[in-house]
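Asks: Input: one structure, supplied below.
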Amino acid sequence: MFIPIEKLENKIICENSFNILKYFPDESIDLIFTSPPYADCKQYDKFEGVKPDVYVGWFMHFVPEFFRVLKSTGSFILNINDKVVGGFRHSYVFDLVCSILSDTQFKLFERLFWNKSKRLQQSGRFGDSVEYILWFVKSKEFKFYINRMRVPYSEASLKRYKTPMKKRLVRDKVNQEQKLYKNIIPNPDGALPSTLINIGSESKRVSDDHVAVFPLALPTYFI
């Protein structure tokens with residue numbers, strides 16, 4: 001039996017999402033934002049971790065319920081990262097994306113990158129300071145208020161807008177010599193947001209030394 005959504009609003013529910021979502025009505029949720037335990041993560045809260053080779057099967061256990069409870073106008077946003085196994089990047093994140101797209105009716109609207117600022121140092125490799133943010137939707141009718149996510153223009157951009165810019169034309173025999181210009185007016189709400197999201201990760205000190213402290217600013221950005 002479903003619990004009326006009104007009784008679930010404005011509450012923090014500490015429960016395994018697979019178990020609790022069974023009581024949520026169909027198409028009752030606007031946004032699912034999750035940062036699940038990554039493969040081979042440190043054990044915490046009695047969670048034993050998931051090996052990379054079985055990660056897709058473990059996570060796909062949850063996805064059908066995500067799809068069921070999400071509104072047609074809603075979004076499912078997944079923050080995740082891969083890992084190095086035997087000297088090479090394991091493919092479980094990419095395999096998971098392919099499984100979500102092939103086994104459900106979710107569509108991948110965007111792939112973003114979260115720059116945590118802090119780098120995970122591994123000898124002989126690039127400093128790893130970026131994680132994936134994968135934005136799935138059920139339909140083209142999903143809610144997306146991009147103007148609220150705009151950012152201030154850089155000084156260089158504002159300076160560039162003061163000079164008329166060339167129109168981009170298909171280079172063929174007719175217009176290859178034409179020099180057409182247009183004026184571009186900056187959007188009063190700011191520039192379009194980048195696919196690189198710069199939000200610093202939290203210190204472990206804020207939550208009793210949890211292995212992966214999730215910054216409140218990250219889900220707030222999408223909310």
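How things are named: the first chain in the structure tokens is A, the next is B, and so on; residues count from 1 in each chain; ligands count from 1 in the order shown.
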Just the alpha helix (DSSP H) stuff from chain A, please, per backbone DSSP, written as a PyMOL selection string.

Replies: chain A and resi 17-20+55-60+63-69+92-103+155-161+217-222

Asks: Can you list, as a PDB file with N, CA and C atoms, in the first residue's frame, every protein, DNA or RNA residue that comes within 7 Å of Arg111 in chain A when you count only C-alpha atoms, leaving out same-chain residues fewer than 5 positions away?

Replies:
ATOM      1  N   ILE A 133      28.713  13.689 -13.027  1.00  0.00           N
ATOM      2  CA  ILE A 133      27.318  13.928 -12.650  1.00  0.00           C
ATOM      3  C   ILE A 133      26.485  13.647 -13.903  1.00  0.00           C
ATOM      4  N   LEU A 134      25.672  12.618 -13.841  1.00  0.00           N
ATOM      5  CA  LEU A 134      24.897  12.145 -14.995  1.00  0.00           C
ATOM      6  C   LEU A 134      23.429  12.470 -14.765  1.00  0.00           C
ATOM      7  N   TRP A 135      22.847  13.192 -15.712  1.00  0.00           N
ATOM      8  CA  TRP A 135      21.495  13.735 -15.566  1.00  0.00           C
ATOM      9  C   TRP A 135      20.557  12.963 -16.490  1.00  0.00           C
TER      10      TRP A 135
END

Asks: Residues of range 20-151 of chain A in strand (DSSP E) according to DSSP, as an MDAnalysis selection string?

Replies: chainID A and resid 29:34 70:80 84:85 88:89 107:120 128:137

Asks: Could you please take those selected residues and save C-alpha atoms as a compact mmCIF listing (two decimals), in the first residue's frame?

Replies:
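Wrote again.txt, looks like this:
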# COMPACT_ATOMS: atom_id res chain seq x y z
CA ILE A 29 8.82 12.69 -7.07
CA ASP A 30 10.28 15.74 -8.83
CA LEU A 31 13.98 15.10 -8.28
CA ILE A 32 16.16 12.15 -7.35
CA PHE A 33 19.73 13.16 -6.56
CA THR A 34 21.99 10.37 -5.37
CA LEU A 70 9.75 9.93 -10.75
CA LYS A 71 7.34 12.30 -12.45
CA SER A 72 7.45 12.63 -16.24
CA THR A 73 8.68 16.18 -15.61
CA GLY A 74 11.30 15.06 -13.09
CA SER A 75 15.03 14.35 -13.16
CA PHE A 76 17.27 11.61 -11.83
CA ILE A 77 20.79 12.93 -11.20
CA LEU A 78 23.61 10.52 -10.38
CA ASN A 79 26.94 11.60 -8.89
CA ILE A 80 29.49 8.81 -9.28
CA VAL A 84 41.74 2.44 -11.16
CA VAL A 85 42.01 -1.36 -11.10
CA PHE A 88 43.71 0.98 -15.71
CA ARG A 89 40.38 2.78 -15.36
CA LYS A 107 17.21 9.33 -21.39
CA LEU A 108 20.61 10.89 -20.74
CA PHE A 109 20.08 14.65 -20.89
CA GLU A 110 23.56 15.74 -19.86
CA ARG A 111 26.86 14.59 -18.46
CA LEU A 112 28.49 17.09 -16.14
CA PHE A 113 31.72 17.12 -14.18
CA TRP A 114 32.04 18.09 -10.53
CA ASN A 115 35.36 19.73 -9.71
CA LYS A 116 35.86 19.05 -6.00
CA SER A 117 39.06 21.14 -5.89
CA LYS A 118 40.72 18.53 -3.68
CA ARG A 119 42.73 15.96 -5.60
CA LEU A 120 43.10 12.27 -4.94
CA ASP A 128 41.89 13.12 -9.70
CA SER A 129 39.73 16.06 -8.63
CA VAL A 130 36.68 15.53 -10.89
CA GLU A 131 33.66 13.24 -10.59
CA TYR A 132 30.80 12.50 -13.01
CA ILE A 133 27.32 13.93 -12.65
CA LEU A 134 24.90 12.14 -14.99
CA TRP A 135 21.49 13.73 -15.57
CA PHE A 136 18.72 11.35 -16.65
CA VAL A 137 15.13 12.27 -17.54

Asks: I'd like the neighbourhood of Asn187 in chain A as a list in words, where a residue qualifies if any of its atoms comes within 12 Å (using only C-alpha atoms), though same-chain residues fewer than 5 positions away should be ignored.

Replies: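 Once the nearby chain positions are removed, what remains is Asn147, Arg148, Arg150, Val151, Pro152, Tyr153, Ser157, Leu158, Tyr161 and Leu192 of chain A.
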
Asks: Write out the residues from the selection above, keeping N, CA, C and O atoms, as a compact mmCIF listing (two decimals), in the first residue's frame.

Replies:
# COMPACT_ATOMS: atom_id res chain seq x y z
N ASN A 147 18.07 29.48 -16.59
CA ASN A 147 18.38 30.88 -16.29
C ASN A 147 18.73 31.08 -14.81
O ASN A 147 19.47 32.00 -14.46
N ARG A 148 18.20 30.23 -13.94
CA ARG A 148 18.52 30.33 -12.52
C ARG A 148 19.92 29.78 -12.22
O ARG A 148 20.45 29.98 -11.13
N ARG A 150 22.54 30.36 -14.31
CA ARG A 150 23.53 31.17 -15.02
C ARG A 150 24.59 31.73 -14.05
O ARG A 150 24.34 31.83 -12.84
N VAL A 151 25.73 32.07 -14.59
CA VAL A 151 26.86 32.55 -13.78
C VAL A 151 27.30 33.91 -14.30
O VAL A 151 27.00 34.30 -15.44
N PRO A 152 28.00 34.69 -13.49
CA PRO A 152 28.48 36.01 -13.95
C PRO A 152 29.40 35.88 -15.15
O PRO A 152 30.19 34.93 -15.25
N TYR A 153 29.30 36.84 -16.06
CA TYR A 153 30.21 36.88 -17.21
C TYR A 153 31.62 37.23 -16.75
O TYR A 153 31.81 37.98 -15.78
N SER A 157 34.71 38.27 -21.55
CA SER A 157 33.48 38.09 -22.33
C SER A 157 32.74 39.41 -22.50
O SER A 157 32.26 39.73 -23.59
N LEU A 158 32.63 40.17 -21.43
CA LEU A 158 31.94 41.45 -21.51
C LEU A 158 32.66 42.39 -22.47
O LEU A 158 32.01 43.13 -23.23
N TYR A 161 31.88 41.33 -26.08
CA TYR A 161 30.52 41.64 -26.53
C TYR A 161 30.39 43.09 -27.02
O TYR A 161 29.43 43.41 -27.74
N LEU A 192 25.66 31.30 -19.69
CA LEU A 192 25.19 29.93 -19.52
C LEU A 192 26.18 29.15 -18.65
O LEU A 192 27.39 29.35 -18.73

Asks: Just give me the gap between CA of Glu15 in chain A and CA of Phe67 in chain A in Å, one decimal is fine.

Replies: 18.6 Å

Asks: Between CA of Lys162 in chain A and CA of Asn183 in chain A, measure the distance and give it in Å to one decimal.

Replies: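 So the two atoms, CA of Lys162 in chain A and CA of Asn183 in chain A, lie 8.1 Å apart.
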
Asks: Tell me, as a PDB file with N, CA, C and O atoms, in the first residue's frame, which residues lie within 12 Å of range 8-14 of chain A, counting only C-alpha atoms; anything in the same chain fewer than 2 positions away does not count.

Replies:
ATOM      1  N   PHE A   2       0.551   2.183  -0.883  1.00  0.00           N
ATOM      2  CA  PHE A   2       1.323   3.421  -0.972  1.00  0.00           C
ATOM      3  C   PHE A   2       0.985   4.363   0.183  1.00  0.00           C
ATOM      4  O   PHE A   2      -0.152   4.433   0.648  1.00  0.00           O
ATOM      5  N   ILE A   3       1.985   5.097   0.626  1.00  0.00           N
ATOM      6  CA  ILE A   3       1.798   6.131   1.633  1.00  0.00           C
ATOM      7  C   ILE A   3       1.462   7.432   0.905  1.00  0.00           C
ATOM      8  O   ILE A   3       2.136   7.783  -0.060  1.00  0.00           O
ATOM      9  N   PRO A   4       0.414   8.166   1.295  1.00  0.00           N
ATOM     10  CA  PRO A   4       0.120   9.443   0.635  1.00  0.00           C
ATOM     11  C   PRO A   4       1.348  10.347   0.657  1.00  0.00           C
ATOM     12  O   PRO A   4       2.022  10.472   1.681  1.00  0.00           O
ATOM     13  N   ILE A   5       1.642  10.950  -0.457  1.00  0.00           N
ATOM     14  CA  ILE A   5       2.865  11.737  -0.581  1.00  0.00           C
ATOM     15  C   ILE A   5       2.888  12.885   0.415  1.00  0.00           C
ATOM     16  O   ILE A   5       3.956  13.329   0.854  1.00  0.00           O
ATOM     17  N   GLU A   6       1.722  13.378   0.811  1.00  0.00           N
ATOM     18  CA  GLU A   6       1.659  14.474   1.776  1.00  0.00           C
ATOM     19  C   GLU A   6       2.285  14.086   3.119  1.00  0.00           C
ATOM     20  O   GLU A   6       2.830  14.926   3.835  1.00  0.00           O
ATOM     21  N   ASN A  16      16.927   2.237   3.715  1.00  0.00           N
ATOM     22  CA  ASN A  16      17.380   1.746   2.419  1.00  0.00           C
ATOM     23  C   ASN A  16      16.381   2.195   1.359  1.00  0.00           C
ATOM     24  O   ASN A  16      15.183   1.910   1.454  1.00  0.00           O
ATOM     25  N   SER A  17      16.861   2.916   0.353  1.00  0.00           N
ATOM     26  CA  SER A  17      15.934   3.505  -0.621  1.00  0.00           C
ATOM     27  C   SER A  17      15.146   2.451  -1.380  1.00  0.00           C
ATOM     28  O   SER A  17      13.989   2.674  -1.764  1.00  0.00           O
ATOM     29  N   PHE A  18      15.735   1.281  -1.607  1.00  0.00           N
ATOM     30  CA  PHE A  18      15.005   0.237  -2.322  1.00  0.00           C
ATOM     31  C   PHE A  18      13.784  -0.205  -1.524  1.00  0.00           C
ATOM     32  O   PHE A  18      12.722  -0.473  -2.083  1.00  0.00           O
ATOM     33  N   ASN A  19      13.936  -0.258  -0.198  1.00  0.00           N
ATOM     34  CA  ASN A  19      12.818  -0.686   0.647  1.00  0.00           C
ATOM     35  C   ASN A  19      11.758   0.396   0.786  1.00  0.00           C
ATOM     36  O   ASN A  19      10.551   0.137   0.672  1.00  0.00           O
ATOM     37  N   ILE A  20      12.173   1.633   1.016  1.00  0.00           N
ATOM     38  CA  ILE A  20      11.208   2.696   1.303  1.00  0.00           C
ATOM     39  C   ILE A  20      10.482   3.186   0.064  1.00  0.00           C
ATOM     40  O   ILE A  20       9.320   3.590   0.116  1.00  0.00           O
ATOM     41  N   LEU A  21      11.145   3.141  -1.101  1.00  0.00           N
ATOM     42  CA  LEU A  21      10.498   3.660  -2.307  1.00  0.00           C
ATOM     43  C   LEU A  21       9.292   2.831  -2.714  1.00  0.00           C
ATOM     44  O   LEU A  21       8.419   3.317  -3.440  1.00  0.00           O
ATOM     45  N   TYR A  23       6.859   2.249  -1.056  1.00  0.00           N
ATOM     46  CA  TYR A  23       5.673   2.860  -0.455  1.00  0.00           C
ATOM     47  C   TYR A  23       5.367   4.238  -1.048  1.00  0.00           C
ATOM     48  O   TYR A  23       4.403   4.880  -0.641  1.00  0.00           O
ATOM     49  N   PHE A  24       6.171   4.685  -1.999  1.00  0.00           N
ATOM     50  CA  PHE A  24       5.931   5.972  -2.652  1.00  0.00           C
ATOM     51  C   PHE A  24       4.997   5.761  -3.844  1.00  0.00           C
ATOM     52  O   PHE A  24       5.153   4.805  -4.606  1.00  0.00           O
ATOM     53  N   PRO A  25       4.025   6.653  -4.029  1.00  0.00           N
ATOM     54  CA  PRO A  25       3.120   6.525  -5.176  1.00  0.00           C
ATOM     55  C   PRO A  25       3.866   6.683  -6.505  1.00  0.00           C
ATOM     56  O   PRO A  25       4.938   7.272  -6.569  1.00  0.00           O
ATOM     57  N   SER A  28       5.472  10.502  -8.274  1.00  0.00           N
ATOM     58  CA  SER A  28       5.209  11.437  -7.178  1.00  0.00           C
ATOM     59  C   SER A  28       6.422  12.300  -6.821  1.00  0.00           C
ATOM     60  O   SER A  28       6.308  13.200  -5.992  1.00  0.00           O
ATOM     61  N   ILE A  29       7.572  12.038  -7.456  1.00  0.00           N
ATOM     62  CA  ILE A  29       8.823  12.690  -7.068  1.00  0.00           C
ATOM     63  C   ILE A  29       9.313  13.591  -8.199  1.00  0.00           C
ATOM     64  O   ILE A  29       9.310  13.203  -9.370  1.00  0.00           O
ATOM     65  N   ASP A  30       9.759  14.794  -7.840  1.00  0.00           N
ATOM     66  CA  ASP A  30      10.276  15.741  -8.831  1.00  0.00           C
ATOM     67  C   ASP A  30      11.761  15.549  -9.124  1.00  0.00           C
ATOM     68  O   ASP A  30      12.207  15.769 -10.256  1.00  0.00           O
TER      69      ASP A  30
END
